[in-house]
Amino acid sequence: MNEELNLGSIEIPLSEGILWADEYRRDFQTEEGRRKKVDGYLIPLQTLKSVLDQDIQAVRAYKAINNAGEQTLIFVGAVWDATEKIYKDVFKNNGVGNGETVVYDGSRPVPPYGDPNSPLNP
């Protein structure tokens, strides 16, 4: 049986994304880390479409740990800044909360969300 992943909203406030990314960095300050190794991520098409629905030239993914304690990726659009010669993050305001800027989540870690028959699955 094929079970679809019910992700709910893939938009999270930028302020929450900052907390998640900080949690990831704190978690992996030790050599062992506290969490299980993640080999990949399942990324729903809705997440990619939402981040690509901006006037951007690239997408950046930040590693994070969400409120469920899962390792995840947070996606943001990026545009080239010729003056600084870097891709700068751009954020979309979708009215989440009090009109807060949002970033995109929705990825799930592999394992457990992997394909057991894939040659890429260890």
# chains A, B, ... in the order shown; residues from 1 in each chain; ligands from 1

$ residues_around --residues "Ala21 of chain A" --least-positions-apart "6" --cutoff "12 Å" --atoms "only C-alpha atoms" --output "list of chain:residue names"
A:Leu14, A:Ser15, A:Asp27, A:Phe28, A:Ala61, A:Tyr62, A:Lys63, A:Ala64, A:Ile65, A:Asn66, A:Asn67, A:Gly69, A:Glu70, A:Gln71, A:Thr72, A:Leu73, A:Ile74, A:Phe75, A:Val103, A:Asp105

$ write_last_selection --atoms "N, CA and C atoms" --output "compact mmCIF listing (two decimals), in the first residue's frame"
# COMPACT_ATOMS: atom_id res chain seq x y z
N LEU A 14 10.20 32.50 9.29
CA LEU A 14 11.66 32.61 9.26
C LEU A 14 12.22 32.52 10.68
N SER A 15 11.56 33.14 11.65
CA SER A 15 12.05 33.11 13.04
C SER A 15 12.14 31.67 13.56
N ASP A 27 23.40 20.57 18.03
CA ASP A 27 23.33 19.12 18.14
C ASP A 27 24.60 18.46 17.62
N PHE A 28 25.22 19.02 16.62
CA PHE A 28 26.36 18.38 15.99
C PHE A 28 27.69 19.04 16.34
N ALA A 61 19.67 25.35 0.66
CA ALA A 61 19.09 24.47 1.67
C ALA A 61 19.94 24.55 2.93
N TYR A 62 19.28 24.82 4.03
CA TYR A 62 19.93 24.84 5.33
C TYR A 62 19.53 23.59 6.10
N LYS A 63 20.48 22.98 6.79
CA LYS A 63 20.18 21.83 7.64
C LYS A 63 19.59 22.33 8.95
N ALA A 64 18.61 21.60 9.46
CA ALA A 64 17.92 22.02 10.68
C ALA A 64 17.34 20.81 11.38
N ILE A 65 16.85 21.03 12.60
CA ILE A 65 16.12 20.02 13.36
C ILE A 65 14.77 20.64 13.70
N ASN A 66 13.69 20.01 13.21
CA ASN A 66 12.36 20.59 13.39
C ASN A 66 11.81 20.33 14.79
N ASN A 67 10.58 20.80 15.01
CA ASN A 67 9.97 20.67 16.33
C ASN A 67 9.69 19.22 16.72
N GLY A 69 11.91 16.94 16.29
CA GLY A 69 13.22 16.37 16.55
C GLY A 69 13.84 15.68 15.35
N GLU A 70 13.24 15.85 14.15
CA GLU A 70 13.77 15.22 12.93
C GLU A 70 14.74 16.17 12.24
N GLN A 71 15.78 15.60 11.65
CA GLN A 71 16.65 16.39 10.79
C GLN A 71 15.87 16.74 9.53
N THR A 72 15.99 17.98 9.09
CA THR A 72 15.23 18.44 7.94
C THR A 72 16.06 19.45 7.15
N LEU A 73 15.54 19.86 6.03
CA LEU A 73 16.14 20.92 5.23
C LEU A 73 15.16 22.08 5.15
N ILE A 74 15.69 23.29 5.27
CA ILE A 74 14.89 24.50 5.09
C ILE A 74 15.36 25.13 3.79
N PHE A 75 14.40 25.40 2.89
CA PHE A 75 14.72 25.94 1.57
C PHE A 75 14.40 27.41 1.49
N VAL A 103 9.95 30.61 5.23
CA VAL A 103 10.88 29.73 4.51
C VAL A 103 10.14 28.42 4.31
N ASP A 105 9.84 24.14 4.35
CA ASP A 105 10.26 22.89 4.96
C ASP A 105 9.49 21.78 4.25

$ select_by_dssp --residues "chain A" --states "strand (DSSP E or B)" --output "ChimeraX atom specification"
/A:11-13,40-42,58-65,71-81,86-90,92-96,100-104,108-110

$ residues_around --residues "Ala78 of chain A" --least-positions-apart "2" --cutoff "10 Å" --atoms "only C-alpha atoms" --output "mmCIF file with all heavy atoms, in the first residue's frame"
data_model
loop_
_atom_site.group_PDB
_atom_site.id
_atom_site.type_symbol
_atom_site.label_atom_id
_atom_site.label_comp_id
_atom_site.auth_asym_id
_atom_site.auth_seq_id
_atom_site.Cartn_x
_atom_site.Cartn_y
_atom_site.Cartn_z
ATOM 1 N N VAL A 51 9.121 27.163 -3.228
ATOM 2 C CA VAL A 51 10.330 27.984 -3.194
ATOM 3 C C VAL A 51 10.683 28.496 -4.591
ATOM 4 O O VAL A 51 11.176 29.610 -4.753
ATOM 5 C CB VAL A 51 11.518 27.250 -2.531
ATOM 6 C CG1 VAL A 51 12.123 26.209 -3.424
ATOM 7 C CG2 VAL A 51 12.589 28.240 -2.089
ATOM 8 N N GLN A 54 9.197 32.101 -6.971
ATOM 9 C CA GLN A 54 9.738 33.412 -6.625
ATOM 10 C C GLN A 54 10.649 33.853 -7.765
ATOM 11 O O GLN A 54 11.050 33.038 -8.587
ATOM 12 C CB GLN A 54 10.553 33.329 -5.330
ATOM 13 C CG GLN A 54 9.786 32.829 -4.124
ATOM 14 C CD GLN A 54 10.693 32.692 -2.927
ATOM 15 O OE1 GLN A 54 11.060 33.677 -2.308
ATOM 16 N NE2 GLN A 54 11.057 31.465 -2.602
ATOM 17 N N ASP A 55 10.973 35.116 -7.789
ATOM 18 C CA ASP A 55 11.897 35.634 -8.791
ATOM 19 C C ASP A 55 13.324 35.419 -8.276
ATOM 20 O O ASP A 55 13.933 36.313 -7.687
ATOM 21 C CB ASP A 55 11.622 37.120 -9.050
ATOM 22 C CG ASP A 55 12.438 37.668 -10.201
ATOM 23 O OD1 ASP A 55 12.950 36.866 -11.018
ATOM 24 O OD2 ASP A 55 12.579 38.904 -10.281
ATOM 25 N N ILE A 56 13.825 34.175 -8.444
ATOM 26 C CA ILE A 56 15.126 33.791 -7.886
ATOM 27 C C ILE A 56 15.995 33.165 -8.970
ATOM 28 O O ILE A 56 15.519 32.824 -10.043
ATOM 29 C CB ILE A 56 14.962 32.810 -6.706
ATOM 30 C CG1 ILE A 56 14.211 31.543 -7.149
ATOM 31 C CG2 ILE A 56 14.264 33.489 -5.534
ATOM 32 C CD1 ILE A 56 14.130 30.454 -6.097
ATOM 33 N N GLN A 57 17.266 33.007 -8.627
ATOM 34 C CA GLN A 57 18.218 32.388 -9.543
ATOM 35 C C GLN A 57 18.813 31.094 -8.990
ATOM 36 O O GLN A 57 19.486 30.359 -9.702
ATOM 37 C CB GLN A 57 19.345 33.386 -9.849
ATOM 38 C CG GLN A 57 18.825 34.646 -10.514
ATOM 39 C CD GLN A 57 19.757 35.814 -10.313
ATOM 40 O OE1 GLN A 57 20.357 35.967 -9.264
ATOM 41 N NE2 GLN A 57 19.855 36.656 -11.324
ATOM 42 N N ALA A 58 18.581 30.848 -7.706
ATOM 43 C CA ALA A 58 19.130 29.655 -7.058
ATOM 44 C C ALA A 58 18.290 29.326 -5.831
ATOM 45 O O ALA A 58 17.475 30.139 -5.397
ATOM 46 C CB ALA A 58 20.588 29.892 -6.654
ATOM 47 N N VAL A 59 18.508 28.133 -5.297
ATOM 48 C CA VAL A 59 17.852 27.715 -4.063
ATOM 49 C C VAL A 59 18.945 27.261 -3.104
ATOM 50 O O VAL A 59 19.862 26.544 -3.484
ATOM 51 C CB VAL A 59 16.861 26.556 -4.303
ATOM 52 C CG1 VAL A 59 16.288 26.044 -2.988
ATOM 53 C CG2 VAL A 59 15.756 26.990 -5.252
ATOM 54 N N ARG A 60 18.833 27.693 -1.861
ATOM 55 C CA ARG A 60 19.780 27.278 -0.833
ATOM 56 C C ARG A 60 19.026 26.418 0.179
ATOM 57 O O ARG A 60 17.891 26.712 0.522
ATOM 58 C CB ARG A 60 20.378 28.510 -0.141
ATOM 59 C CG ARG A 60 21.426 28.160 0.903
ATOM 60 C CD ARG A 60 22.160 29.418 1.400
ATOM 61 N NE ARG A 60 23.140 29.836 0.403
ATOM 62 C CZ ARG A 60 23.169 31.030 -0.177
ATOM 63 N NH1 ARG A 60 22.268 31.950 0.123
ATOM 64 N NH2 ARG A 60 24.100 31.327 -1.058
ATOM 65 N N PHE A 75 14.401 25.397 2.895
ATOM 66 C CA PHE A 75 14.725 25.938 1.574
ATOM 67 C C PHE A 75 14.397 27.415 1.491
ATOM 68 O O PHE A 75 13.328 27.846 1.923
ATOM 69 C CB PHE A 75 13.933 25.193 0.495
ATOM 70 C CG PHE A 75 14.296 23.737 0.409
ATOM 71 C CD1 PHE A 75 13.555 22.786 1.087
ATOM 72 C CD2 PHE A 75 15.382 23.324 -0.342
ATOM 73 C CE1 PHE A 75 13.878 21.448 1.019
ATOM 74 C CE2 PHE A 75 15.721 21.978 -0.409
ATOM 75 C CZ PHE A 75 14.967 21.046 0.271
ATOM 76 N N VAL A 76 15.331 28.179 0.905
ATOM 77 C CA VAL A 76 15.107 29.600 0.634
ATOM 78 C C VAL A 76 15.590 29.903 -0.774
ATOM 79 O O VAL A 76 16.503 29.253 -1.280
ATOM 80 C CB VAL A 76 15.818 30.522 1.651
ATOM 81 C CG1 VAL A 76 15.326 30.285 3.056
ATOM 82 C CG2 VAL A 76 17.323 30.358 1.598
ATOM 83 N N TRP A 80 21.565 36.553 -7.213
ATOM 84 C CA TRP A 80 22.952 36.976 -7.349
ATOM 85 C C TRP A 80 23.069 38.461 -7.062
ATOM 86 O O TRP A 80 22.332 39.278 -7.609
ATOM 87 C CB TRP A 80 23.467 36.662 -8.746
ATOM 88 C CG TRP A 80 24.880 37.108 -8.960
ATOM 89 C CD1 TRP A 80 25.302 38.127 -9.753
ATOM 90 C CD2 TRP A 80 26.052 36.532 -8.382
ATOM 91 N NE1 TRP A 80 26.670 38.227 -9.702
ATOM 92 C CE2 TRP A 80 27.157 37.262 -8.860
ATOM 93 C CE3 TRP A 80 26.270 35.485 -7.497
ATOM 94 C CZ2 TRP A 80 28.474 36.967 -8.489
ATOM 95 C CZ3 TRP A 80 27.581 35.191 -7.128
ATOM 96 C CH2 TRP A 80 28.656 35.934 -7.624
ATOM 97 N N ASP A 81 24.002 38.821 -6.186
ATOM 98 C CA ASP A 81 24.324 40.214 -5.895
ATOM 99 C C ASP A 81 25.679 40.486 -6.521
ATOM 100 O O ASP A 81 26.714 40.059 -6.000
ATOM 101 C CB ASP A 81 24.358 40.446 -4.381
ATOM 102 C CG ASP A 81 24.615 41.893 -4.010
ATOM 103 O OD1 ASP A 81 25.455 42.553 -4.660
ATOM 104 O OD2 ASP A 81 23.971 42.371 -3.052
ATOM 105 N N ILE A 86 27.965 37.398 -4.346
ATOM 106 C CA ILE A 86 27.432 36.240 -3.624
ATOM 107 C C ILE A 86 25.950 36.086 -3.967
ATOM 108 O O ILE A 86 25.306 37.026 -4.431
ATOM 109 C CB ILE A 86 27.568 36.371 -2.089
ATOM 110 C CG1 ILE A 86 26.770 37.585 -1.575
ATOM 111 C CG2 ILE A 86 29.014 36.434 -1.656
ATOM 112 C CD1 ILE A 86 26.618 37.621 -0.069
ATOM 113 N N TYR A 87 25.424 34.888 -3.741
ATOM 114 C CA TYR A 87 23.980 34.678 -3.817
ATOM 115 C C TYR A 87 23.408 35.047 -2.453
ATOM 116 O O TYR A 87 23.827 34.501 -1.440
ATOM 117 C CB TYR A 87 23.644 33.219 -4.159
ATOM 118 C CG TYR A 87 23.817 32.924 -5.617
ATOM 119 C CD1 TYR A 87 25.004 32.402 -6.100
ATOM 120 C CD2 TYR A 87 22.787 33.177 -6.522
ATOM 121 C CE1 TYR A 87 25.164 32.129 -7.455
ATOM 122 C CE2 TYR A 87 22.935 32.903 -7.864
ATOM 123 C CZ TYR A 87 24.127 32.390 -8.321
ATOM 124 O OH TYR A 87 24.280 32.129 -9.659
ATOM 125 N N LYS A 88 22.454 35.972 -2.431
ATOM 126 C CA LYS A 88 21.825 36.415 -1.188
ATOM 127 C C LYS A 88 20.470 35.742 -1.024
ATOM 128 O O LYS A 88 19.709 35.619 -1.983
ATOM 129 C CB LYS A 88 21.638 37.928 -1.186
ATOM 130 C CG LYS A 88 22.937 38.681 -1.049
ATOM 131 C CD LYS A 88 22.658 40.131 -0.764
ATOM 132 C CE LYS A 88 23.827 40.705 -0.008
ATOM 133 N NZ LYS A 88 23.533 42.016 0.517
ATOM 134 N N ASP A 89 20.179 35.322 0.198
ATOM 135 C CA ASP A 89 18.878 34.725 0.496
ATOM 136 C C ASP A 89 17.774 35.756 0.318
ATOM 137 O O ASP A 89 17.940 36.923 0.675
ATOM 138 C CB ASP A 89 18.838 34.216 1.940
ATOM 139 C CG ASP A 89 19.711 32.997 2.173
ATOM 140 O OD1 ASP A 89 20.224 32.422 1.197
ATOM 141 O OD2 ASP A 89 19.866 32.611 3.350
ATOM 142 N N VAL A 90 16.652 35.305 -0.247
ATOM 143 C CA VAL A 90 15.454 36.145 -0.355
ATOM 144 C C VAL A 90 14.312 35.392 0.306
ATOM 145 O O VAL A 90 14.256 34.172 0.281
ATOM 146 C CB VAL A 90 15.109 36.496 -1.819
ATOM 147 C CG1 VAL A 90 16.186 37.366 -2.434
ATOM 148 C CG2 VAL A 90 14.903 35.265 -2.668
ATOM 149 N N PHE A 91 13.416 36.144 0.907
ATOM 150 C CA PHE A 91 12.335 35.538 1.676
ATOM 151 C C PHE A 91 11.004 36.075 1.190
ATOM 152 O O PHE A 91 10.900 37.211 0.748
ATOM 153 C CB PHE A 91 12.521 35.831 3.166
ATOM 154 C CG PHE A 91 13.856 35.376 3.679
ATOM 155 C CD1 PHE A 91 14.903 36.270 3.811
ATOM 156 C CD2 PHE A 91 14.066 34.054 4.009
ATOM 157 C CE1 PHE A 91 16.146 35.850 4.273
ATOM 158 C CE2 PHE A 91 15.295 33.617 4.475
ATOM 159 C CZ PHE A 91 16.335 34.520 4.606
#

$ select_by_dssp --residues "chain A" --states "helix (DSSP H, G or I)" --output "number ranges by chain"
A: 14-27, 45-52

$ atom_distance --atom1 "atom CA of Ile43 of chain A" --atom2 "atom CA of Ser107 of chain A"
4.4 Å

$ residues_around --residues "Gln46 of chain A" --least-positions-apart "4" --cutoff "9 Å" --atoms "only C-alpha atoms" --output "VMD selection string"
chain A and resid 10 50 to 51 106

$ atom_distance --atom1 "atom CA of Asn94 of chain A" --atom2 "atom CA of Lys49 of chain A"
14.6 Å

$ atom_distance --atom1 "atom CA of Pro109 of chain A" --atom2 "atom CA of Lys37 of chain A"
9.3 Å

$ residues_around --residues "Gly40 of chain A" --least-positions-apart "6" --cutoff "8 Å" --atoms "only C-alpha atoms" --output "ChimeraX atom specification"
/A:109-111,114

$ residues_around --residues "Pro112 of chain A" --least-positions-apart "3" --cutoff "10 Å" --atoms "only C-alpha atoms" --output "PDB file with all heavy atoms, in the first residue's frame"
ATOM      1  N   VAL A  38      21.709  10.696   9.011  1.00  0.00           N
ATOM      2  CA  VAL A  38      20.747  10.815   7.918  1.00  0.00           C
ATOM      3  C   VAL A  38      21.514  10.675   6.615  1.00  0.00           C
ATOM      4  O   VAL A  38      22.514  11.349   6.390  1.00  0.00           O
ATOM      5  CB  VAL A  38      20.011  12.179   7.985  1.00  0.00           C
ATOM      6  CG1 VAL A  38      19.199  12.415   6.733  1.00  0.00           C
ATOM      7  CG2 VAL A  38      19.134  12.243   9.217  1.00  0.00           C
ATOM      8  N   ASP A  39      21.036   9.789   5.742  1.00  0.00           N
ATOM      9  CA  ASP A  39      21.699   9.538   4.468  1.00  0.00           C
ATOM     10  C   ASP A  39      21.118  10.374   3.335  1.00  0.00           C
ATOM     11  O   ASP A  39      21.745  10.532   2.293  1.00  0.00           O
ATOM     12  CB  ASP A  39      21.585   8.059   4.096  1.00  0.00           C
ATOM     13  CG  ASP A  39      22.314   7.181   5.098  1.00  0.00           C
ATOM     14  OD1 ASP A  39      23.472   7.481   5.428  1.00  0.00           O
ATOM     15  OD2 ASP A  39      21.707   6.205   5.568  1.00  0.00           O
ATOM     16  N   GLY A  40      19.908  10.864   3.502  1.00  0.00           N
ATOM     17  CA  GLY A  40      19.261  11.646   2.446  1.00  0.00           C
ATOM     18  C   GLY A  40      17.976  12.244   2.971  1.00  0.00           C
ATOM     19  O   GLY A  40      17.654  12.140   4.153  1.00  0.00           O
ATOM     20  N   TYR A  41      17.235  12.885   2.071  1.00  0.00           N
ATOM     21  CA  TYR A  41      15.966  13.514   2.431  1.00  0.00           C
ATOM     22  C   TYR A  41      14.926  13.264   1.351  1.00  0.00           C
ATOM     23  O   TYR A  41      15.240  13.325   0.162  1.00  0.00           O
ATOM     24  CB  TYR A  41      16.136  15.037   2.590  1.00  0.00           C
ATOM     25  CG  TYR A  41      17.016  15.401   3.752  1.00  0.00           C
ATOM     26  CD1 TYR A  41      18.380  15.555   3.597  1.00  0.00           C
ATOM     27  CD2 TYR A  41      16.481  15.572   5.024  1.00  0.00           C
ATOM     28  CE1 TYR A  41      19.196  15.877   4.667  1.00  0.00           C
ATOM     29  CE2 TYR A  41      17.288  15.899   6.104  1.00  0.00           C
ATOM     30  CZ  TYR A  41      18.640  16.045   5.910  1.00  0.00           C
ATOM     31  OH  TYR A  41      19.439  16.353   6.981  1.00  0.00           O
ATOM     32  N   LEU A  42      13.712  13.004   1.777  1.00  0.00           N
ATOM     33  CA  LEU A  42      12.568  12.953   0.887  1.00  0.00           C
ATOM     34  C   LEU A  42      12.028  14.377   0.824  1.00  0.00           C
ATOM     35  O   LEU A  42      11.697  14.967   1.849  1.00  0.00           O
ATOM     36  CB  LEU A  42      11.503  12.006   1.454  1.00  0.00           C
ATOM     37  CG  LEU A  42      10.174  11.965   0.705  1.00  0.00           C
ATOM     38  CD1 LEU A  42      10.381  11.379  -0.690  1.00  0.00           C
ATOM     39  CD2 LEU A  42       9.162  11.152   1.488  1.00  0.00           C
ATOM     40  N   ARG A 108      11.776  15.109   4.735  1.00  0.00           N
ATOM     41  CA  ARG A 108      11.794  14.106   5.794  1.00  0.00           C
ATOM     42  C   ARG A 108      13.067  13.274   5.649  1.00  0.00           C
ATOM     43  O   ARG A 108      13.523  12.994   4.532  1.00  0.00           O
ATOM     44  CB  ARG A 108      10.566  13.195   5.711  1.00  0.00           C
ATOM     45  CG  ARG A 108       9.257  13.915   6.006  1.00  0.00           C
ATOM     46  CD  ARG A 108       9.262  14.490   7.429  1.00  0.00           C
ATOM     47  NE  ARG A 108       8.049  15.170   7.770  1.00  0.00           N
ATOM     48  CZ  ARG A 108       7.872  16.492   7.734  1.00  0.00           C
ATOM     49  NH1 ARG A 108       8.838  17.279   7.329  1.00  0.00           N
ATOM     50  NH2 ARG A 108       6.730  17.028   8.109  1.00  0.00           N
ATOM     51  N   PRO A 109      13.659  12.872   6.784  1.00  0.00           N
ATOM     52  CA  PRO A 109      14.953  12.186   6.739  1.00  0.00           C
ATOM     53  C   PRO A 109      14.872  10.755   6.223  1.00  0.00           C
ATOM     54  O   PRO A 109      13.875  10.075   6.381  1.00  0.00           O
ATOM     55  CB  PRO A 109      15.392  12.207   8.210  1.00  0.00           C
ATOM     56  CG  PRO A 109      14.120  12.285   8.990  1.00  0.00           C
ATOM     57  CD  PRO A 109      13.157  13.063   8.149  1.00  0.00           C
ATOM     58  N   ASP A 115      13.596   4.463   0.409  1.00  0.00           N
ATOM     59  CA  ASP A 115      13.138   3.334  -0.401  1.00  0.00           C
ATOM     60  C   ASP A 115      14.075   2.160  -0.114  1.00  0.00           C
ATOM     61  O   ASP A 115      15.246   2.194  -0.482  1.00  0.00           O
ATOM     62  CB  ASP A 115      13.206   3.720  -1.886  1.00  0.00           C
ATOM     63  CG  ASP A 115      12.906   2.570  -2.825  1.00  0.00           C
ATOM     64  OD1 ASP A 115      12.635   1.438  -2.367  1.00  0.00           O
ATOM     65  OD2 ASP A 115      12.932   2.807  -4.046  1.00  0.00           O
ATOM     66  N   PRO A 116      13.582   1.119   0.559  1.00  0.00           N
ATOM     67  CA  PRO A 116      14.462   0.015   0.927  1.00  0.00           C
ATOM     68  C   PRO A 116      15.042  -0.729  -0.265  1.00  0.00           C
ATOM     69  O   PRO A 116      16.055  -1.417  -0.138  1.00  0.00           O
ATOM     70  CB  PRO A 116      13.567  -0.910   1.756  1.00  0.00           C
ATOM     71  CG  PRO A 116      12.180  -0.553   1.387  1.00  0.00           C
ATOM     72  CD  PRO A 116      12.211   0.896   0.968  1.00  0.00           C
TER      73      PRO A 116
END

$ residues_around --residues "Gly99 of chain A" --least-positions-apart "3" --cutoff "12 Å" --atoms "only C-alpha atoms" --output "number ranges by chain"
A: 12-15, 92-96, 102

$ decode --residues "segment 67-90 of chain A" --atoms "N, CA and C atoms" --output "PDB file, in the first residue's frame"
ATOM      1  N   ASN A  67      10.581  20.798  15.005  1.00  0.00           N
ATOM      2  CA  ASN A  67       9.967  20.667  16.327  1.00  0.00           C
ATOM      3  C   ASN A  67       9.687  19.217  16.719  1.00  0.00           C
ATOM      4  N   ALA A  68       9.666  18.307  15.748  1.00  0.00           N
ATOM      5  CA  ALA A  68       9.478  16.883  16.037  1.00  0.00           C
ATOM      6  C   ALA A  68      10.804  16.187  16.331  1.00  0.00           C
ATOM      7  N   GLY A  69      11.908  16.939  16.290  1.00  0.00           N
ATOM      8  CA  GLY A  69      13.222  16.366  16.549  1.00  0.00           C
ATOM      9  C   GLY A  69      13.840  15.683  15.349  1.00  0.00           C
ATOM     10  N   GLU A  70      13.241  15.846  14.151  1.00  0.00           N
ATOM     11  CA  GLU A  70      13.768  15.223  12.935  1.00  0.00           C
ATOM     12  C   GLU A  70      14.740  16.175  12.239  1.00  0.00           C
ATOM     13  N   GLN A  71      15.780  15.597  11.648  1.00  0.00           N
ATOM     14  CA  GLN A  71      16.650  16.394  10.794  1.00  0.00           C
ATOM     15  C   GLN A  71      15.870  16.743   9.534  1.00  0.00           C
ATOM     16  N   THR A  72      15.992  17.980   9.089  1.00  0.00           N
ATOM     17  CA  THR A  72      15.235  18.441   7.939  1.00  0.00           C
ATOM     18  C   THR A  72      16.064  19.446   7.149  1.00  0.00           C
ATOM     19  N   LEU A  73      15.536  19.863   6.033  1.00  0.00           N
ATOM     20  CA  LEU A  73      16.142  20.923   5.229  1.00  0.00           C
ATOM     21  C   LEU A  73      15.164  22.084   5.152  1.00  0.00           C
ATOM     22  N   ILE A  74      15.691  23.289   5.271  1.00  0.00           N
ATOM     23  CA  ILE A  74      14.892  24.501   5.093  1.00  0.00           C
ATOM     24  C   ILE A  74      15.358  25.134   3.788  1.00  0.00           C
ATOM     25  N   PHE A  75      14.401  25.397   2.895  1.00  0.00           N
ATOM     26  CA  PHE A  75      14.725  25.938   1.574  1.00  0.00           C
ATOM     27  C   PHE A  75      14.397  27.415   1.491  1.00  0.00           C
ATOM     28  N   VAL A  76      15.331  28.179   0.905  1.00  0.00           N
ATOM     29  CA  VAL A  76      15.107  29.600   0.634  1.00  0.00           C
ATOM     30  C   VAL A  76      15.590  29.903  -0.774  1.00  0.00           C
ATOM     31  N   GLY A  77      14.973  30.898  -1.393  1.00  0.00           N
ATOM     32  CA  GLY A  77      15.435  31.352  -2.684  1.00  0.00           C
ATOM     33  C   GLY A  77      16.671  32.222  -2.522  1.00  0.00           C
ATOM     34  N   ALA A  78      17.417  32.372  -3.599  1.00  0.00           N
ATOM     35  CA  ALA A  78      18.615  33.217  -3.572  1.00  0.00           C
ATOM     36  C   ALA A  78      18.762  33.933  -4.911  1.00  0.00           C
ATOM     37  N   VAL A  79      19.277  35.152  -4.848  1.00  0.00           N
ATOM     38  CA  VAL A  79      19.546  35.940  -6.056  1.00  0.00           C
ATOM     39  C   VAL A  79      20.994  36.411  -6.023  1.00  0.00           C
ATOM     40  N   TRP A  80      21.565  36.553  -7.213  1.00  0.00           N
ATOM     41  CA  TRP A  80      22.952  36.976  -7.349  1.00  0.00           C
ATOM     42  C   TRP A  80      23.069  38.461  -7.062  1.00  0.00           C
ATOM     43  N   ASP A  81      24.002  38.821  -6.186  1.00  0.00           N
ATOM     44  CA  ASP A  81      24.324  40.214  -5.895  1.00  0.00           C
ATOM     45  C   ASP A  81      25.679  40.486  -6.521  1.00  0.00           C
ATOM     46  N   ALA A  82      25.678  41.182  -7.656  1.00  0.00           N
ATOM     47  CA  ALA A  82      26.913  41.413  -8.401  1.00  0.00           C
ATOM     48  C   ALA A  82      27.893  42.286  -7.620  1.00  0.00           C
ATOM     49  N   THR A  83      27.380  43.172  -6.787  1.00  0.00           N
ATOM     50  CA  THR A  83      28.257  44.045  -6.010  1.00  0.00           C
ATOM     51  C   THR A  83      29.045  43.245  -4.982  1.00  0.00           C
ATOM     52  N   GLU A  84      28.354  42.377  -4.253  1.00  0.00           N
ATOM     53  CA  GLU A  84      29.021  41.573  -3.229  1.00  0.00           C
ATOM     54  C   GLU A  84      29.548  40.250  -3.758  1.00  0.00           C
ATOM     55  N   LYS A  85      29.151  39.892  -4.970  1.00  0.00           N
ATOM     56  CA  LYS A  85      29.572  38.655  -5.629  1.00  0.00           C
ATOM     57  C   LYS A  85      29.213  37.405  -4.823  1.00  0.00           C
ATOM     58  N   ILE A  86      27.965  37.398  -4.346  1.00  0.00           N
ATOM     59  CA  ILE A  86      27.432  36.240  -3.624  1.00  0.00           C
ATOM     60  C   ILE A  86      25.950  36.086  -3.967  1.00  0.00           C
ATOM     61  N   TYR A  87      25.424  34.888  -3.741  1.00  0.00           N
ATOM     62  CA  TYR A  87      23.980  34.678  -3.817  1.00  0.00           C
ATOM     63  C   TYR A  87      23.408  35.047  -2.453  1.00  0.00           C
ATOM     64  N   LYS A  88      22.454  35.972  -2.431  1.00  0.00           N
ATOM     65  CA  LYS A  88      21.825  36.415  -1.188  1.00  0.00           C
ATOM     66  C   LYS A  88      20.470  35.742  -1.024  1.00  0.00           C
ATOM     67  N   ASP A  89      20.179  35.322   0.198  1.00  0.00           N
ATOM     68  CA  ASP A  89      18.878  34.725   0.496  1.00  0.00           C
ATOM     69  C   ASP A  89      17.774  35.756   0.318  1.00  0.00           C
ATOM     70  N   VAL A  90      16.652  35.305  -0.247  1.00  0.00           N
ATOM     71  CA  VAL A  90      15.454  36.145  -0.355  1.00  0.00           C
ATOM     72  C   VAL A  90      14.312  35.392   0.306  1.00  0.00           C
TER      73      VAL A  90
END
